[in-house]
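S.K.: This structure is in structure tokens; I'll ask about it shortly.
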Amino acid sequence: SFTKMTGEEFEAVIQTNLTGLFHVTKSLLEKFGTPKRIVNMSSVVALYGNFGQTNYVAAKAGVIGMTKTWARELGRKGFTVNAIAPGYTRTSMVEAVPEAVLKSIEEKVPVQRLGVVDDIANACLFLASDEAAYINGITLSVDGGLVL
């Protein structure tokens, strides 16, 4: 929780999830071909917060802010910049959570299931495609309706 989190724990997550995104994008900016699409990864928790994740939520909310700013700044250079906010997705990390906890999460999701990696990948493919050429600065929640 926030009261127990050290400055080092906070900074480590910010460095990885926010500062790292800044540096990677900056270093690749001039190397983009056409179409120029940036799809950033945020998280559903950036939209509603989550107990015990001050650092992660702050970083992922920062990703949304950077996405909107870059969409404004880079749009005139032919870029679209969007973010995806995945919900709970069946990955090896999530699979380590006890099944009873996963069931309770599934019950909160209107589509009554966790996401799968292909759900997120398909959203990325769409936002990187020509079909999304006029979509700029949005955060697409791929969460089965969890944040409704």
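Ordered as shown in the structure tokens, chains take letters A, B, and onward, while each chain numbers its residues from 1 and ligands are numbered from 1 in the order shown.
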Tell me, as a PyMOL selection string, which residues lie within 12 Å of Asp118 (chain A), counting only C-alpha atoms; anything in the same chain fewer than 6 positions away does not count.

M.R.: chain A and resi 86+89-91+124-126+142

S.K.: Using only C-alpha atoms, please write the residues we just selected to a file, as an mmCIF file, in the first residue's frame.

M.R.:
```cif
data_model
loop_
_atom_site.group_PDB
_atom_site.id
_atom_site.type_symbol
_atom_site.label_atom_id
_atom_site.label_comp_id
_atom_site.auth_asym_id
_atom_site.auth_seq_id
_atom_site.Cartn_x
_atom_site.Cartn_y
_atom_site.Cartn_z
ATOM 1 C CA PRO A 86 -5.961 -3.980 -21.012
ATOM 2 C CA THR A 89 -5.716 -10.927 -19.181
ATOM 3 C CA ARG A 90 -4.771 -14.601 -18.893
ATOM 4 C CA THR A 91 -1.001 -14.439 -18.860
ATOM 5 C CA CYS A 124 -3.045 -3.336 -31.284
ATOM 6 C CA LEU A 125 -3.350 -4.572 -34.851
ATOM 7 C CA PHE A 126 -6.464 -2.466 -35.367
ATOM 8 C CA VAL A 142 -9.901 -3.876 -23.779
#
```

S.K.: Run DSSP on the backbone of this structure and report the residues of chain A it assigns to strand (DSSP E), as a PyMOL selection string.

M.R.: chain A and resi 36-41+79-86+139-142

S.K.: Once you have the residues from the selection above, write them out as a PDB file, in the first residue's frame, restricted to C-alpha atoms.

M.R.:
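What ended up in result_16.pdb:
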```pdb
ATOM      1  CA  LYS A  36       3.270   6.186 -38.502  1.00  0.00           C
ATOM      2  CA  ARG A  37       1.458   4.537 -35.626  1.00  0.00           C
ATOM      3  CA  ILE A  38       2.332   4.499 -31.954  1.00  0.00           C
ATOM      4  CA  VAL A  39       0.295   2.208 -29.717  1.00  0.00           C
ATOM      5  CA  ASN A  40       1.177   2.534 -26.041  1.00  0.00           C
ATOM      6  CA  MET A  41       0.270   0.060 -23.314  1.00  0.00           C
ATOM      7  CA  PHE A  79       1.531  10.036 -36.622  1.00  0.00           C
ATOM      8  CA  THR A  80      -1.404   8.667 -34.754  1.00  0.00           C
ATOM      9  CA  VAL A  81      -0.750   7.908 -31.099  1.00  0.00           C
ATOM     10  CA  ASN A  82      -3.159   5.808 -29.074  1.00  0.00           C
ATOM     11  CA  ALA A  83      -3.109   3.666 -25.952  1.00  0.00           C
ATOM     12  CA  ILE A  84      -4.645   0.389 -24.970  1.00  0.00           C
ATOM     13  CA  ALA A  85      -5.787  -0.204 -21.393  1.00  0.00           C
ATOM     14  CA  PRO A  86      -5.961  -3.980 -21.012  1.00  0.00           C
ATOM     15  CA  THR A 139      -7.327   5.066 -24.802  1.00  0.00           C
ATOM     16  CA  LEU A 140      -9.068   1.879 -25.837  1.00  0.00           C
ATOM     17  CA  SER A 141     -10.230  -0.206 -22.904  1.00  0.00           C
ATOM     18  CA  VAL A 142      -9.901  -3.876 -23.779  1.00  0.00           C
TER      19      VAL A 142
END
```

S.K.: Just asking: which residues within chain A are alpha helix (DSSP H) according to DSSP, as an MDAnalysis selection string?

M.R.: chainID A and resid 7:14 20:28 45:48 54:74 92:95 99:108 117:128

S.K.: Restricting the calculation to only C-alpha atoms: of A:Val94, A:Thr25, A:Val147, A:Tyr134, which residue gets closest to Ala46 (chain A)?

M.R.: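 Nearest to Ala46 (chain A): A:Val147.
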
S.K.: Choose the residue, out of A:Ala123, A:Met66, A:Ser27, A:Phe51, that has the smallest atom-to-atom separation from Ser1 (chain A); count only C-alpha atoms.

M.R.: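 With only C-alpha atoms as the atom set, the closest residue is A:Phe51.
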
S.K.: Take CA of Lys68 (chain A) and CA of Gly137 (chain A) and report the distance between them in Å, one decimal.

M.R.: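 Interatomic distance here is 4.7 Å.
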
S.K.: What does the distance from CA of Gln53 (chain A) to CA of Lys103 (chain A) come to in Å, to one decimal?

M.R.: 21.0 Å

S.K.: Using only C-alpha atoms, can you tell me which of A:Arg72, A:Lys77, A:Lys108, A:Lys60 comes closest to Thr34 (chain A)?

M.R.: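 Checking each candidate against Thr34 (chain A), we get A:Lys77 as the closest.
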
S.K.: Go through A:Leu146, A:Ser92, A:Val63, A:Gly78 one by one, measure the shortest atom-to-atom distance of each to Gln15 (chain A) using only C-alpha atoms, and give the residue with the smallest value.

M.R.: A:Val63

S.K.: State, in Å with one decimal place, the distance from CA of Leu28 (chain A) to CA of Val45 (chain A).

M.R.: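 Between CA of Leu28 (chain A) and CA of Val45 (chain A) the gap is 27.4 Å.
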
S.K.: Could you give me, as a CSV table (one decimal) with C-alpha atoms, in the first residue's frame, the residues within 12 Å of Lys26 (chain A), counting only C-alpha atoms and dropping anything in the same chain fewer than 5 positions from it?

M.R.:
```
chain,number,residue,atom,x,y,z
A,19,THR,CA,10.5,6.8,-18.3
A,20,GLY,CA,11.3,3.6,-20.3
A,21,LEU,CA,8.5,4.4,-22.7
A,31,LYS,CA,12.9,5.5,-37.8
A,32,PHE,CA,9.1,5.2,-38.4
A,38,ILE,CA,2.3,4.5,-32.0
A,70,TRP,CA,2.1,13.0,-28.3
A,74,LEU,CA,3.0,14.3,-33.6
```

S.K.: From the list A:Leu47, A:Leu29, A:Ala59, A:Ala121, which residue is nearest Thr16 (chain A) when using only C-alpha atoms?

M.R.: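 For Thr16 (chain A), the nearest of the candidates is A:Ala59.
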
S.K.: Would you pick out the contacts of Gln112 (chain A) at 12 Å or less, using only C-alpha atoms, so that residues sharing its chain but fewer than 6 positions from it are not included, and give the list as a PDB file with N, CA, C and O atoms, in the first residue's frame?

M.R.:
```pdb
ATOM      1  N   TYR A  88      -7.891  -7.475 -16.982  1.00  0.00           N
ATOM      2  CA  TYR A  88      -7.238  -8.703 -16.528  1.00  0.00           C
ATOM      3  C   TYR A  88      -7.170  -9.682 -17.686  1.00  0.00           C
ATOM      4  O   TYR A  88      -8.192 -10.045 -18.262  1.00  0.00           O
ATOM      5  N   LEU A 102      -9.433 -15.375  -9.344  1.00  0.00           N
ATOM      6  CA  LEU A 102      -9.727 -15.165 -10.763  1.00  0.00           C
ATOM      7  C   LEU A 102     -11.223 -15.286 -11.037  1.00  0.00           C
ATOM      8  O   LEU A 102     -11.772 -14.500 -11.812  1.00  0.00           O
ATOM      9  N   LYS A 103     -11.871 -16.233 -10.389  1.00  0.00           N
ATOM     10  CA  LYS A 103     -13.324 -16.387 -10.559  1.00  0.00           C
ATOM     11  C   LYS A 103     -14.066 -15.140 -10.091  1.00  0.00           C
ATOM     12  O   LYS A 103     -15.016 -14.689 -10.739  1.00  0.00           O
ATOM     13  N   SER A 104     -13.631 -14.558  -8.975  1.00  0.00           N
ATOM     14  CA  SER A 104     -14.304 -13.356  -8.477  1.00  0.00           C
ATOM     15  C   SER A 104     -14.085 -12.175  -9.419  1.00  0.00           C
ATOM     16  O   SER A 104     -14.970 -11.337  -9.582  1.00  0.00           O
ATOM     17  N   ILE A 105     -12.927 -12.129 -10.050  1.00  0.00           N
ATOM     18  CA  ILE A 105     -12.673 -11.068 -11.040  1.00  0.00           C
ATOM     19  C   ILE A 105     -13.574 -11.284 -12.252  1.00  0.00           C
ATOM     20  O   ILE A 105     -14.205 -10.341 -12.741  1.00  0.00           O
ATOM     21  N   GLU A 106     -13.621 -12.513 -12.746  1.00  0.00           N
ATOM     22  CA  GLU A 106     -14.472 -12.815 -13.896  1.00  0.00           C
ATOM     23  C   GLU A 106     -15.922 -12.406 -13.656  1.00  0.00           C
ATOM     24  O   GLU A 106     -16.591 -11.910 -14.560  1.00  0.00           O
ATOM     25  N   ASP A 143     -11.220  -4.647 -21.923  1.00  0.00           N
ATOM     26  CA  ASP A 143     -11.401  -5.157 -20.571  1.00  0.00           C
ATOM     27  C   ASP A 143     -12.719  -5.885 -20.356  1.00  0.00           C
ATOM     28  O   ASP A 143     -13.118  -6.129 -19.211  1.00  0.00           O
ATOM     29  N   GLY A 144     -13.402  -6.220 -21.430  1.00  0.00           N
ATOM     30  CA  GLY A 144     -14.673  -6.920 -21.294  1.00  0.00           C
ATOM     31  C   GLY A 144     -15.771  -6.092 -20.641  1.00  0.00           C
ATOM     32  O   GLY A 144     -16.783  -6.614 -20.206  1.00  0.00           O
ATOM     33  N   GLY A 145     -15.547  -4.779 -20.542  1.00  0.00           N
ATOM     34  CA  GLY A 145     -16.530  -3.890 -19.914  1.00  0.00           C
ATOM     35  C   GLY A 145     -16.296  -3.650 -18.445  1.00  0.00           C
ATOM     36  O   GLY A 145     -17.152  -3.086 -17.766  1.00  0.00           O
ATOM     37  N   LEU A 146     -15.140  -4.036 -17.936  1.00  0.00           N
ATOM     38  CA  LEU A 146     -14.865  -3.916 -16.497  1.00  0.00           C
ATOM     39  C   LEU A 146     -15.021  -2.493 -15.973  1.00  0.00           C
ATOM     40  O   LEU A 146     -15.526  -2.288 -14.878  1.00  0.00           O
TER      41      LEU A 146
END
```

S.K.: Pick out the closest residue to Asn50 (chain A) from this set: A:Ile64, A:Ala133, A:Met93, A:Phe2. Count only C-alpha atoms.

M.R.: A:Phe2
